[in-house]
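File shown here: entry.txt, holding compact mmCIF, C-alpha atoms and all ligand atoms.
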```txt
# COMPACT_ATOMS: atom_id res chain seq x y z
CA MET H 19 22.66 13.73 -32.40
CA SER H 20 23.95 10.83 -30.35
CA VAL H 21 25.17 11.59 -26.85
CA SER H 22 26.06 9.48 -23.88
CA ALA H 23 24.56 10.80 -20.68
CA GLN H 24 26.78 11.52 -17.70
CA ILE H 25 25.48 10.40 -14.32
CA LEU H 26 26.34 13.20 -11.90
CA ALA H 27 25.74 13.46 -8.16
CA GLY H 28 25.59 16.25 -5.57
CA GLU H 29 26.38 19.88 -6.30
CA GLU H 30 28.02 19.03 -9.63
CA GLY H 31 24.86 17.28 -10.80
CA ILE H 32 22.51 19.97 -9.50
CA SER H 33 24.33 22.87 -11.14
CA ALA H 34 24.81 21.00 -14.45
CA SER H 35 21.08 20.14 -14.47
CA VAL H 36 20.00 23.72 -13.77
CA GLU H 37 22.25 25.08 -16.50
CA ILE H 38 20.88 22.65 -19.10
CA LEU H 39 17.28 23.33 -18.05
CA TRP H 40 17.89 27.04 -18.16
CA GLY H 41 19.04 26.71 -21.77
CA GLY H 42 15.90 24.76 -22.77
CA GLY H 43 17.44 21.29 -22.54
CA VAL H 44 16.18 18.18 -20.73
CA VAL H 45 17.74 16.14 -17.89
CA GLY H 46 16.99 12.99 -15.92
CA LEU H 47 16.04 13.82 -12.32
CA PRO H 48 15.21 11.62 -9.31
CA THR H 49 11.82 11.79 -7.61
CA GLU H 50 10.49 9.72 -4.71
CA THR H 51 8.35 7.68 -7.18
CA VAL H 52 10.37 7.06 -10.35
CA TYR H 53 13.00 9.10 -12.24
CA GLY H 54 11.62 11.88 -14.42
CA LEU H 55 12.76 13.38 -17.72
CA ALA H 56 12.50 17.08 -16.92
CA GLY H 57 12.29 20.26 -18.98
CA ASP H 58 11.19 23.83 -18.20
CA ALA H 59 7.38 23.76 -18.51
CA PHE H 60 7.38 27.36 -19.76
CA GLN H 61 9.85 26.76 -22.62
CA PRO H 62 7.92 25.05 -25.43
CA MET H 63 11.18 23.89 -27.06
CA ALA H 64 12.18 22.12 -23.86
CA VAL H 65 8.76 20.46 -23.65
CA ALA H 66 9.03 19.38 -27.29
CA ARG H 67 12.45 17.82 -26.49
CA ILE H 68 10.87 15.70 -23.76
CA PHE H 69 8.37 14.19 -26.21
CA GLU H 70 11.14 13.65 -28.75
CA ALA H 71 13.58 11.98 -26.34
CA LYS H 72 10.91 9.60 -25.03
CA GLY H 73 9.32 8.93 -28.41
CA ARG H 74 6.03 9.89 -26.77
CA PRO H 75 3.02 10.96 -28.85
CA LEU H 76 2.16 14.64 -28.53
CA SER H 77 -1.36 13.61 -27.50
CA ASP H 78 -0.16 12.30 -24.11
CA PRO H 79 0.15 15.19 -21.60
CA LEU H 80 2.93 15.73 -19.05
CA ILE H 81 2.86 16.22 -15.28
CA VAL H 82 4.06 19.62 -14.04
CA HIS H 83 6.24 19.59 -10.90
CA LEU H 84 6.38 22.41 -8.36
CA PRO H 85 8.62 22.91 -5.30
CA GLU H 86 5.63 23.95 -3.14
CA ALA H 87 1.87 24.37 -3.39
CA GLY H 88 2.39 28.15 -3.34
CA TRP H 89 3.38 27.93 -7.04
CA LEU H 90 0.01 26.44 -8.07
CA ASP H 91 -1.29 29.78 -9.33
CA ARG H 92 1.44 29.84 -11.98
CA VAL H 93 0.15 26.73 -13.74
CA ALA H 94 -3.45 26.17 -12.64
CA VAL H 95 -6.63 28.10 -11.95
CA PHE H 96 -9.47 26.99 -9.69
CA GLY H 97 -13.01 26.26 -10.81
CA SER H 98 -14.38 27.69 -7.54
CA GLU H 99 -13.37 28.79 -4.05
CA GLU H 100 -14.54 25.39 -2.77
CA GLU H 101 -12.18 23.66 -5.20
CA ARG H 102 -9.32 25.87 -4.06
CA ARG H 103 -9.98 25.00 -0.42
CA LEU H 104 -10.13 21.29 -1.21
CA VAL H 105 -6.83 21.43 -3.11
CA GLU H 106 -5.22 23.37 -0.24
CA LYS H 107 -6.41 20.71 2.20
CA LEU H 108 -5.05 17.87 0.04
CA ALA H 109 -1.79 19.75 -0.49
CA ALA H 110 -1.36 20.21 3.27
CA VAL H 111 -1.83 16.47 3.84
CA PHE H 112 -0.14 14.84 0.84
CA TRP H 113 2.44 17.30 -0.51
CA PRO H 114 5.30 17.05 -0.93
CA GLY H 115 4.57 13.50 -2.00
CA PRO H 116 3.30 11.02 -4.59
CA LEU H 117 -0.10 12.59 -5.37
CA THR H 118 -0.81 14.28 -8.73
CA LEU H 119 -3.91 16.45 -9.03
CA LEU H 120 -5.68 17.29 -12.26
CA LEU H 121 -6.73 20.95 -12.19
CA PRO H 122 -7.99 23.54 -14.68
CA LYS H 123 -4.97 24.77 -16.65
CA HIS H 124 -3.59 28.30 -16.43
CA PRO H 125 -3.82 29.93 -19.90
CA ASP H 126 -0.12 30.96 -19.80
CA LEU H 127 1.14 27.39 -19.49
CA PRO H 128 2.16 26.18 -22.98
CA ASP H 129 -0.55 23.95 -24.53
CA LEU H 130 2.09 21.40 -25.51
CA VAL H 131 2.49 20.44 -21.83
CA THR H 132 -1.15 19.38 -21.51
CA ALA H 133 -1.46 18.10 -25.10
CA GLY H 134 -4.11 20.71 -25.75
CA SER H 135 -6.22 19.73 -22.73
CA ASP H 136 -7.69 22.46 -20.54
CA ARG H 137 -6.54 20.52 -17.47
CA VAL H 138 -3.05 20.24 -16.07
CA ALA H 139 -1.66 17.44 -13.88
CA VAL H 140 0.39 18.93 -11.01
CA ARG H 141 2.43 17.57 -8.14
CA VAL H 142 4.98 18.66 -5.53
CA THR H 143 7.72 16.05 -5.38
CA ALA H 144 9.31 15.20 -2.04
CA HIS H 145 12.75 14.48 -3.49
CA PRO H 146 15.25 17.01 -2.09
CA LEU H 147 17.41 17.03 -5.27
CA PHE H 148 14.43 17.64 -7.55
CA GLN H 149 13.24 20.36 -5.18
CA GLU H 150 16.64 22.03 -5.15
CA VAL H 151 16.73 22.08 -8.97
CA LEU H 152 13.24 23.62 -9.05
CA TRP H 153 14.16 26.37 -6.57
CA ARG H 154 17.34 27.28 -8.42
CA LEU H 155 15.67 27.23 -11.84
CA GLY H 156 12.71 29.25 -10.59
CA SER H 157 10.32 27.66 -13.08
CA PRO H 158 7.96 24.63 -12.93
CA LEU H 159 9.29 21.47 -14.57
CA ALA H 160 7.32 19.21 -16.89
CA ALA H 161 8.49 15.64 -16.27
CA PRO H 162 7.16 12.28 -17.41
CA SER H 163 8.84 9.08 -16.27
CA ALA H 164 12.33 8.88 -17.83
CA ASN H 165 11.75 5.77 -19.97
CA ARG H 166 11.24 5.27 -23.69
CA PHE H 167 7.53 5.47 -24.38
CA GLY H 168 5.61 2.38 -23.21
CA ARG H 169 8.62 0.80 -21.50
CA ILE H 170 9.63 0.01 -17.93
CA SER H 171 9.86 3.07 -15.66
CA PRO H 172 13.35 3.80 -14.25
CA THR H 173 13.95 3.71 -10.51
CA SER H 174 17.70 4.42 -10.54
CA ALA H 175 20.06 6.72 -12.46
CA GLU H 176 21.52 3.64 -14.20
CA ASP H 177 18.03 2.65 -15.41
CA VAL H 178 17.60 6.13 -16.92
CA HIS H 179 20.92 5.65 -18.67
CA ILE H 180 19.71 2.38 -20.18
CA GLU H 181 16.48 4.01 -21.36
CA LEU H 182 17.62 7.45 -22.53
CA GLY H 183 21.41 7.52 -22.23
CA ASN H 184 21.82 8.30 -25.92
CA ALA H 185 19.16 11.03 -25.97
CA ILE H 186 20.15 13.25 -23.01
CA SER H 187 23.44 14.52 -21.62
CA VAL H 188 22.95 14.58 -17.82
CA ILE H 189 21.25 12.36 -15.27
CA LEU H 190 21.22 13.59 -11.68
CA ASP H 191 21.88 10.65 -9.38
CA GLY H 192 19.59 10.51 -6.35
CA GLY H 193 19.99 6.81 -5.60
CA SER H 194 17.05 4.44 -5.87
CA CYS H 195 13.49 5.74 -5.64
CA LYS H 196 11.67 5.31 -2.34
CA HIS H 197 8.23 4.28 -3.68
CA GLY H 198 9.20 2.77 -7.03
CA MET H 199 5.67 3.37 -8.40
CA GLU H 200 4.39 6.46 -10.19
CA SER H 201 2.28 8.97 -8.26
CA THR H 202 -1.45 8.47 -7.77
CA LEU H 203 -3.22 10.56 -10.43
CA VAL H 204 -6.50 12.06 -9.27
CA ALA H 205 -9.18 14.23 -10.89
CA LEU H 206 -11.41 16.09 -8.45
CA GLU H 207 -14.60 18.08 -8.36
CA VAL H 208 -16.81 19.67 -5.72
CA ASN H 209 -20.53 19.26 -6.29
CA LEU H 210 -23.01 20.90 -3.90
CA GLY H 211 -20.24 21.12 -1.33
CA GLN H 212 -19.37 17.40 -1.72
CA PRO H 213 -15.81 16.67 -2.91
CA SER H 214 -15.32 13.64 -5.12
CA PHE H 215 -12.23 12.05 -6.62
CA SER H 216 -11.67 9.88 -9.63
CA ILE H 217 -8.45 7.84 -9.47
CA LEU H 218 -7.04 7.82 -13.00
CA ARG H 219 -3.88 5.95 -12.04
CA PRO H 220 -3.47 4.07 -8.74
CA GLY H 221 -0.21 4.77 -6.89
CA PRO H 222 1.40 5.17 -3.47
CA ILE H 223 -1.44 7.33 -2.10
CA THR H 224 -4.24 4.80 -1.77
CA GLU H 225 -7.99 5.01 -2.27
CA GLY H 226 -8.40 4.48 1.49
CA GLU H 227 -6.28 7.57 2.25
CA LEU H 228 -8.19 9.72 -0.25
CA ARG H 229 -11.59 8.57 0.97
CA LYS H 230 -11.05 10.56 4.18
CA TYR H 231 -11.33 13.75 2.11
CA GLY H 232 -14.15 12.95 -0.33
CA HIS H 233 -16.25 10.41 -2.18
CA ILE H 234 -14.45 8.10 -4.65
CA ALA H 235 -16.19 8.32 -8.02
CA SER H 236 -15.80 5.56 -10.58
CA GLN H 237 -12.69 5.84 -12.74
CA GLY H 238 -13.04 8.24 -15.65
CA ARG H 239 -16.29 9.75 -14.38
CA ILE H 240 -14.78 13.19 -13.86
CA VAL H 241 -12.23 13.08 -16.68
CA ASN H 242 -10.34 10.52 -18.75
CA SER H 243 -6.58 10.26 -18.86
CA PRO H 244 -5.14 9.90 -22.35
CA GLY H 245 -2.15 7.94 -21.04
CA SER H 246 -4.01 5.36 -18.94
CA LEU H 247 -4.40 2.78 -21.64
CA PRO H 248 -3.26 -0.84 -21.62
CA GLY H 249 0.12 -1.91 -22.96
CA HIS H 250 2.30 0.34 -20.82
CA TYR H 251 5.34 -0.36 -18.58
CA ALA H 252 6.20 -3.27 -20.86
CA PRO H 253 9.31 -5.45 -20.90
CA LYS H 254 10.60 -6.69 -24.27
CA LYS H 255 10.04 -10.30 -23.25
CA ARG H 256 6.60 -11.90 -23.07
CA LEU H 257 5.08 -11.36 -19.64
CA GLN H 258 2.16 -13.23 -18.18
CA ILE H 259 0.49 -13.02 -14.84
CA MET H 260 0.67 -16.54 -13.47
CA ASN H 261 -2.33 -18.66 -12.69
CA SER H 262 -1.83 -20.91 -9.72
CA ASP H 263 -1.43 -24.20 -11.60
CA MET H 264 2.33 -24.77 -11.83
CA ASN H 265 1.78 -27.96 -13.83
CA LEU H 266 0.61 -25.94 -16.81
CA LEU H 267 3.94 -24.15 -17.21
CA PRO H 268 5.48 -24.54 -20.66
CA ASN H 269 8.65 -26.66 -20.40
CA ASP H 270 10.29 -25.86 -23.73
CA VAL H 271 11.17 -22.22 -22.94
CA LEU H 272 13.46 -20.49 -20.43
CA LEU H 273 11.23 -18.99 -17.77
CA GLY H 274 11.82 -16.08 -15.42
CA LEU H 275 9.72 -15.64 -12.31
CA LEU H 276 8.70 -12.34 -10.74
CA ALA H 277 7.67 -13.57 -7.30
CA PHE H 278 6.06 -11.56 -4.53
CA THR H 279 7.55 -13.63 -1.68
CA PRO H 280 10.19 -16.41 -1.66
CA PRO H 281 8.80 -19.43 -3.58
CA SER H 282 9.34 -23.04 -2.56
CA GLN H 283 12.39 -24.94 -3.81
CA GLU H 284 10.10 -27.01 -6.04
CA VAL H 285 8.73 -23.88 -7.75
CA CYS H 286 12.19 -22.29 -8.09
CA GLU H 287 13.45 -25.32 -9.99
CA LYS H 288 11.03 -24.62 -12.83
CA PHE H 289 12.60 -21.22 -13.53
CA THR H 290 15.93 -20.07 -14.95
CA THR H 291 15.83 -16.82 -12.98
CA VAL H 292 13.77 -15.81 -9.98
CA GLU H 293 13.31 -12.25 -8.71
CA ILE H 294 11.74 -11.85 -5.27
CA LEU H 295 9.95 -8.55 -4.59
CA SER H 296 9.82 -8.83 -0.80
CA ARG H 297 11.21 -11.51 1.50
CA SER H 298 8.75 -10.53 4.23
CA GLY H 299 5.67 -10.02 2.05
CA ASP H 300 5.71 -6.24 2.47
CA LEU H 301 3.81 -4.56 -0.38
CA LYS H 302 5.68 -1.25 -0.06
CA GLU H 303 8.99 -3.05 -0.37
CA ALA H 304 7.60 -4.99 -3.33
CA ALA H 305 6.60 -1.73 -5.04
CA ALA H 306 10.05 -0.22 -4.50
CA ASN H 307 11.67 -3.32 -6.07
CA PHE H 308 9.11 -3.89 -8.83
CA TYR H 309 10.46 -2.06 -11.89
CA GLY H 310 14.10 -2.94 -11.14
CA ALA H 311 13.25 -6.63 -10.84
CA LEU H 312 11.19 -6.55 -14.05
CA ARG H 313 14.05 -4.82 -15.84
CA ARG H 314 16.62 -7.41 -14.65
CA LEU H 315 14.37 -10.27 -15.77
CA ASP H 316 13.92 -8.56 -19.13
CA GLN H 317 17.71 -8.32 -19.54
CA ASN H 318 18.30 -11.89 -18.43
CA LYS H 319 18.45 -15.04 -20.54
CA VAL H 320 14.76 -15.88 -20.35
CA ASP H 321 12.20 -16.29 -23.13
CA MET H 322 9.21 -15.47 -21.03
CA ILE H 323 8.47 -13.83 -17.68
CA LEU H 324 5.79 -15.12 -15.36
CA ALA H 325 4.60 -12.82 -12.60
CA GLU H 326 2.90 -13.84 -9.41
CA SER H 327 -0.28 -11.94 -8.47
CA LEU H 328 -0.04 -9.69 -5.42
CA PRO H 329 -2.78 -8.84 -2.91
CA GLU H 330 -4.80 -5.90 -4.26
CA GLU H 331 -4.69 -3.80 -1.13
CA GLY H 332 -2.77 -0.59 -0.40
CA ILE H 333 -0.04 -0.09 -2.98
CA GLY H 334 -0.72 -3.64 -4.23
CA VAL H 335 -3.51 -2.07 -6.33
CA ALA H 336 -0.92 0.03 -8.18
CA ILE H 337 1.47 -2.91 -8.64
CA MET H 338 -1.28 -5.10 -10.13
CA ASP H 339 -2.37 -2.21 -12.37
CA ARG H 340 1.20 -1.99 -13.77
CA LEU H 341 1.48 -5.78 -14.10
CA ARG H 342 -1.76 -6.00 -16.09
CA ARG H 343 -0.66 -3.22 -18.42
CA ALA H 344 2.84 -4.71 -18.78
CA SER H 345 1.33 -8.07 -19.76
CA TYR H 346 -1.23 -6.65 -22.18
CA GLY H 347 0.91 -6.94 -25.32
CA SER H 348 1.79 -10.57 -24.52
CA LEU H 349 -1.81 -11.47 -23.81
CA HIS H 350 -3.06 -9.96 -27.05
CA GLY H 351 -0.14 -11.16 -29.13
CA THR H 352 0.21 -7.69 -30.60
CA GLY H 353 3.87 -7.12 -29.69
CA HIS H 354 5.05 -4.22 -27.59
CA GLN H 355 6.22 -1.98 -30.39
CA SER H 356 2.83 -1.53 -31.97
CA SER H 357 1.13 1.76 -31.30
CA GLU H 358 -1.97 -0.11 -30.20
CA THR H 359 -0.17 -1.56 -27.22
CA ALA H 360 2.65 0.85 -26.39
CA VAL H 361 0.41 3.64 -25.23
O1 LIG H 401 5.34 9.75 -10.20
C1 LIG H 401 5.07 10.29 -11.28
O2 LIG H 401 3.95 10.75 -11.54
C2 LIG H 401 6.20 10.42 -12.30
C3 LIG H 401 7.28 11.32 -11.73
C4 LIG H 401 8.39 11.59 -12.71
O3 LIG H 401 6.69 12.51 -11.29
N1 LIG H 401 5.71 10.90 -13.55
C5 LIG H 401 4.96 10.16 -14.40
O4 LIG H 401 4.65 10.82 -15.58
O5 LIG H 401 4.60 9.04 -14.16
P1 LIG H 401 4.13 10.03 -16.89
O6 LIG H 401 4.10 11.06 -17.95
O7 LIG H 401 4.95 8.85 -17.13
O8 LIG H 401 2.66 9.66 -16.52
C6 LIG H 401 1.71 10.71 -16.36
C7 LIG H 401 0.34 10.21 -16.59
C8 LIG H 401 0.09 9.82 -18.04
O9 LIG H 401 -0.74 8.68 -18.06
C9 LIG H 401 -0.64 11.03 -18.61
O10 LIG H 401 -1.50 10.68 -19.66
C10 LIG H 401 -1.39 11.52 -17.40
O11 LIG H 401 -0.54 11.32 -16.31
N2 LIG H 401 -1.65 12.97 -17.51
C11 LIG H 401 -0.76 13.97 -17.46
N3 LIG H 401 -1.34 15.15 -17.68
C12 LIG H 401 -2.66 14.91 -17.85
C13 LIG H 401 -3.78 15.72 -18.15
N4 LIG H 401 -3.67 17.03 -18.31
N5 LIG H 401 -5.00 15.12 -18.27
C14 LIG H 401 -5.11 13.79 -18.13
N6 LIG H 401 -4.08 12.95 -17.86
C15 LIG H 401 -2.86 13.50 -17.73
MG MG H 402 5.31 6.89 -17.57
```
Would you write the structure of this file as structure tokens?
Amino acid sequence: MSVSAQILAGEEGISASVEILWGGGVVGLPTETVYGLAGDAFQPMAVARIFEAKGRPLSDPLIVHLPEAGWLDRVAVFGSEEERRLVEKLAAVFWPGPLTLLLPKHPDLPDLVTAGSDRVAVRVTAHPLFQEVLWRLGSPLAAPSANRFGRISPTSAEDVHIELGNAISVILDGGSCKHGMESTLVALEVNLGQPSFSILRPGPITEGELRKYGHIASQGRIVNSPGSLPGHYAPKKRLQIMNSDMNLLPNDVLLGLLAFTPPSQEVCEKFTTVEILSRSGDLKEAAANFYGALRRLDQNKVDMILAESLPEEGIGVAIMDRLRRASYGSLHGTGHQSSETAV
């Protein structure tokens, strides 16, 4: 079936989305991080449609979205009272917001959502439109980022249309996403009264913010994330993170530059297209602009994209994580379509 998605706003978009979700369909919805491709987490057919529309392997689990922490008991159980108290504390501080917690899965939640894992990733999104859809539907929503598998995450309704416009019928327009980076994904455990966190995917909630509530364990110590493999978030064009020597730039190809701050005139002249992430060097602004700028460069007449490194502090850690993954296919010459890289 080939459809062309309608981008709808306001009440019209909310009620159309709820009706489709109610019937087991999938829709594009805005969150404060990136747009999601949502389906009712308790309707296995809806969950299957998400995987199908994205072209995502069934081995890569989905995040479940709730309108408030009070719904946690519907999708998760707690390993212990201590774990429950820790989650309640984190929820009070960071929810609604861009933090996803990995918790033991409730047996009633369809296994397809978690790809057979006994843990479920859960978050409460701060986006008022997403929240409104959740309240009206009355069921948690499974929602990965609304891009084709392995590709650039969408931060506007138009981006979702480019990615999935022929696979879904409605995209709810919530403008551009505030953070522009996917949520921080965290596994947690409490050992002898000591909470510890393992950051499986860096995001808007930083390590420094989490450290106030527990010890930061090395990545993957508590649990591994099937989706955090290299070769993700990839443009179609070759992408390389730039080393500082401008004299080594190839001169026989059209180059696009993804710059953190405004480059000098001399540097600009070496590129066909330049995208600037933040005029003032603000990392949060750079994050919000990141995927859109990468997408524009990818659509532009360039053969290759060079990206400037950003300071790895605050949300800069998440941006560099995405840049490294986006450049993986280019670096390894494997091409982005291969299953080894587009994971
Ligand atoms: O900000 C976000 O988190 C966005 C918005 C739409 O909420 N969602 C998002 O979902 O980025 P997705 O599917 O593109 O990325 C979710 C990541 C994947 O790497 C997946 O493997 C991991 O979370 N994940 C989900 N459930 C998991 C589970 N049960 N165990 C381990 N990793 C999990
Ligand atoms: Mg994604």
* Asked: Could you list, as a VMD selection string, all the residues within 9 Å of ligand MG 402 (chain H), counting only C-alpha atoms and all ligand atoms?
  -> chain H and resid 52 54 162 to 171 200 245 250 to 251
How close does each residue of chain H get to ligand LIG 401 (chain H), giving the shortest atom pair and distance in Å to one decimal for every residue with an atom at most 6 Å away, counting all atoms listed in the file, sorted by chain and residue number, as a Markdown table?
```
| residue | atom | partner | partner_atom | distance |
| --- | --- | --- | --- | --- |
| H:Thr51 | CA | H:LIG401 | O1 | 4.7 |
| H:Val52 | CA | H:LIG401 | C3 | 5.4 |
| H:Tyr53 | CA | H:LIG401 | C4 | 5.3 |
| H:Gly54 | CA | H:LIG401 | C4 | 3.7 |
| H:Asp78 | CA | H:LIG401 | O10 | 4.9 |
| H:Pro79 | CA | H:LIG401 | N3 | 4.2 |
| H:Leu80 | CA | H:LIG401 | C11 | 4.4 |
| H:Ile81 | CA | H:LIG401 | C11 | 4.8 |
| H:Thr132 | CA | H:LIG401 | N4 | 4.7 |
| H:Ser135 | CA | H:LIG401 | N4 | 5.8 |
| H:Arg137 | CA | H:LIG401 | N4 | 4.6 |
| H:Val138 | CA | H:LIG401 | N4 | 4.0 |
| H:Ala139 | CA | H:LIG401 | N3 | 4.4 |
| H:Ala161 | CA | H:LIG401 | C4 | 5.4 |
| H:Pro162 | CA | H:LIG401 | O6 | 3.3 |
| H:Ser163 | CA | H:LIG401 | O7 | 4.0 |
| H:Glu200 | CA | H:LIG401 | O1 | 3.4 |
| H:Ser201 | CA | H:LIG401 | O1 | 3.7 |
| H:Ser243 | CA | H:LIG401 | N6 | 3.8 |
| H:Pro244 | CA | H:LIG401 | O10 | 4.6 |
| H:Gly245 | CA | H:LIG401 | O10 | 3.1 |
| H:Ser246 | CA | H:LIG401 | O9 | 4.7 |
```
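Pairwise distance (atom CA of H:Pro85, atom CA of H:Gly232) equals 25.3 Å.
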Can you pull out every residue within 7 Å of stretch 24-35 of chain H, counting all atoms listed in the file, but drop anything in the same chain fewer than 4 positions away, and send it as a PDB file with C-alpha atoms, in the frame of the given file?
```
ATOM      1  CA  LEU H  39      17.280  23.330 -18.050  1.00  0.00           C
ATOM      2  CA  VAL H  45      17.740  16.140 -17.890  1.00  0.00           C
ATOM      3  CA  VAL H 151      16.730  22.080  -8.970  1.00  0.00           C
ATOM      4  CA  ALA H 175      20.060   6.720 -12.460  1.00  0.00           C
ATOM      5  CA  SER H 187      23.440  14.520 -21.620  1.00  0.00           C
ATOM      6  CA  VAL H 188      22.950  14.580 -17.820  1.00  0.00           C
ATOM      7  CA  ILE H 189      21.250  12.360 -15.270  1.00  0.00           C
ATOM      8  CA  LEU H 190      21.220  13.590 -11.680  1.00  0.00           C
ATOM      9  CA  ASP H 191      21.880  10.650  -9.380  1.00  0.00           C
TER      10      ASP H 191
END
```
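From atom CA of H:Arg92 back to atom CA of H:Ala66, the distance works out to 20.0 Å.
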* Asked: Using only C-alpha atoms, which of H:Asn269, H:Ser98, H:Thr118, H:Ser77 sits nearest H:Gly134?
  -> H:Ser77
* Dig up all the protein and nucleic acid residues within 9 Å of (-6.6, 9.3, -11.8) in the file frame, using only C-alpha atoms, and format them as a ChimeraX atom specification. => /H:118-120,202-206,215-220,237-238,241-243,246
* Structure fact -> Across H:Arg297, H:Arg102, H:Arg313, H:His179, the smallest distance to H:Pro253, with all atoms listed in the file counted, is shown by H:Arg313
* Asked: Closest to H:Gly41 among H:Gln149, H:Gln258, H:Ser22, H:Gln61, using only C-alpha atoms?
  -> H:Gln61
Please reconstruct the missing atoms of stretch 98-110 of chain H (target: N, CA and C atoms) and return them as an mmCIF file, in the frame of the given file.
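part-v1.cif written:
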```
data_model
loop_
_atom_site.group_PDB
_atom_site.id
_atom_site.type_symbol
_atom_site.label_atom_id
_atom_site.label_comp_id
_atom_site.auth_asym_id
_atom_site.auth_seq_id
_atom_site.Cartn_x
_atom_site.Cartn_y
_atom_site.Cartn_z
ATOM 1 N N SER H 98 -13.583 26.995 -8.556
ATOM 2 C CA SER H 98 -14.380 27.690 -7.540
ATOM 3 C C SER H 98 -13.553 27.821 -6.271
ATOM 4 N N GLU H 99 -14.031 28.635 -5.352
ATOM 5 C CA GLU H 99 -13.370 28.790 -4.050
ATOM 6 C C GLU H 99 -13.346 27.457 -3.302
ATOM 7 N N GLU H 100 -14.451 26.705 -3.446
ATOM 8 C CA GLU H 100 -14.540 25.390 -2.770
ATOM 9 C C GLU H 100 -13.434 24.463 -3.278
ATOM 10 N N GLU H 101 -13.216 24.516 -4.612
ATOM 11 C CA GLU H 101 -12.180 23.660 -5.200
ATOM 12 C C GLU H 101 -10.805 24.077 -4.675
ATOM 13 N N ARG H 102 -10.600 25.383 -4.580
ATOM 14 C CA ARG H 102 -9.320 25.870 -4.060
ATOM 15 C C ARG H 102 -9.093 25.358 -2.628
ATOM 16 N N ARG H 103 -10.136 25.443 -1.819
ATOM 17 C CA ARG H 103 -9.980 25.000 -0.420
ATOM 18 C C ARG H 103 -9.694 23.497 -0.344
ATOM 19 N N LEU H 104 -10.369 22.736 -1.209
ATOM 20 C CA LEU H 104 -10.130 21.290 -1.210
ATOM 21 C C LEU H 104 -8.679 20.990 -1.610
ATOM 22 N N VAL H 105 -8.204 21.661 -2.654
ATOM 23 C CA VAL H 105 -6.830 21.430 -3.110
ATOM 24 C C VAL H 105 -5.847 21.829 -1.997
ATOM 25 N N GLU H 106 -6.123 22.941 -1.328
ATOM 26 C CA GLU H 106 -5.220 23.370 -0.240
ATOM 27 C C GLU H 106 -5.192 22.334 0.888
ATOM 28 N N LYS H 107 -6.355 21.731 1.142
ATOM 29 C CA LYS H 107 -6.410 20.710 2.200
ATOM 30 C C LYS H 107 -5.588 19.478 1.776
ATOM 31 N N LEU H 108 -5.793 19.043 0.536
ATOM 32 C CA LEU H 108 -5.050 17.870 0.040
ATOM 33 C C LEU H 108 -3.553 18.151 0.017
ATOM 34 N N ALA H 109 -3.212 19.378 -0.412
ATOM 35 C CA ALA H 109 -1.790 19.750 -0.490
ATOM 36 C C ALA H 109 -1.160 19.719 0.893
ATOM 37 N N ALA H 110 -1.900 20.184 1.899
ATOM 38 C CA ALA H 110 -1.360 20.210 3.270
ATOM 39 C C ALA H 110 -1.110 18.788 3.773
#
```
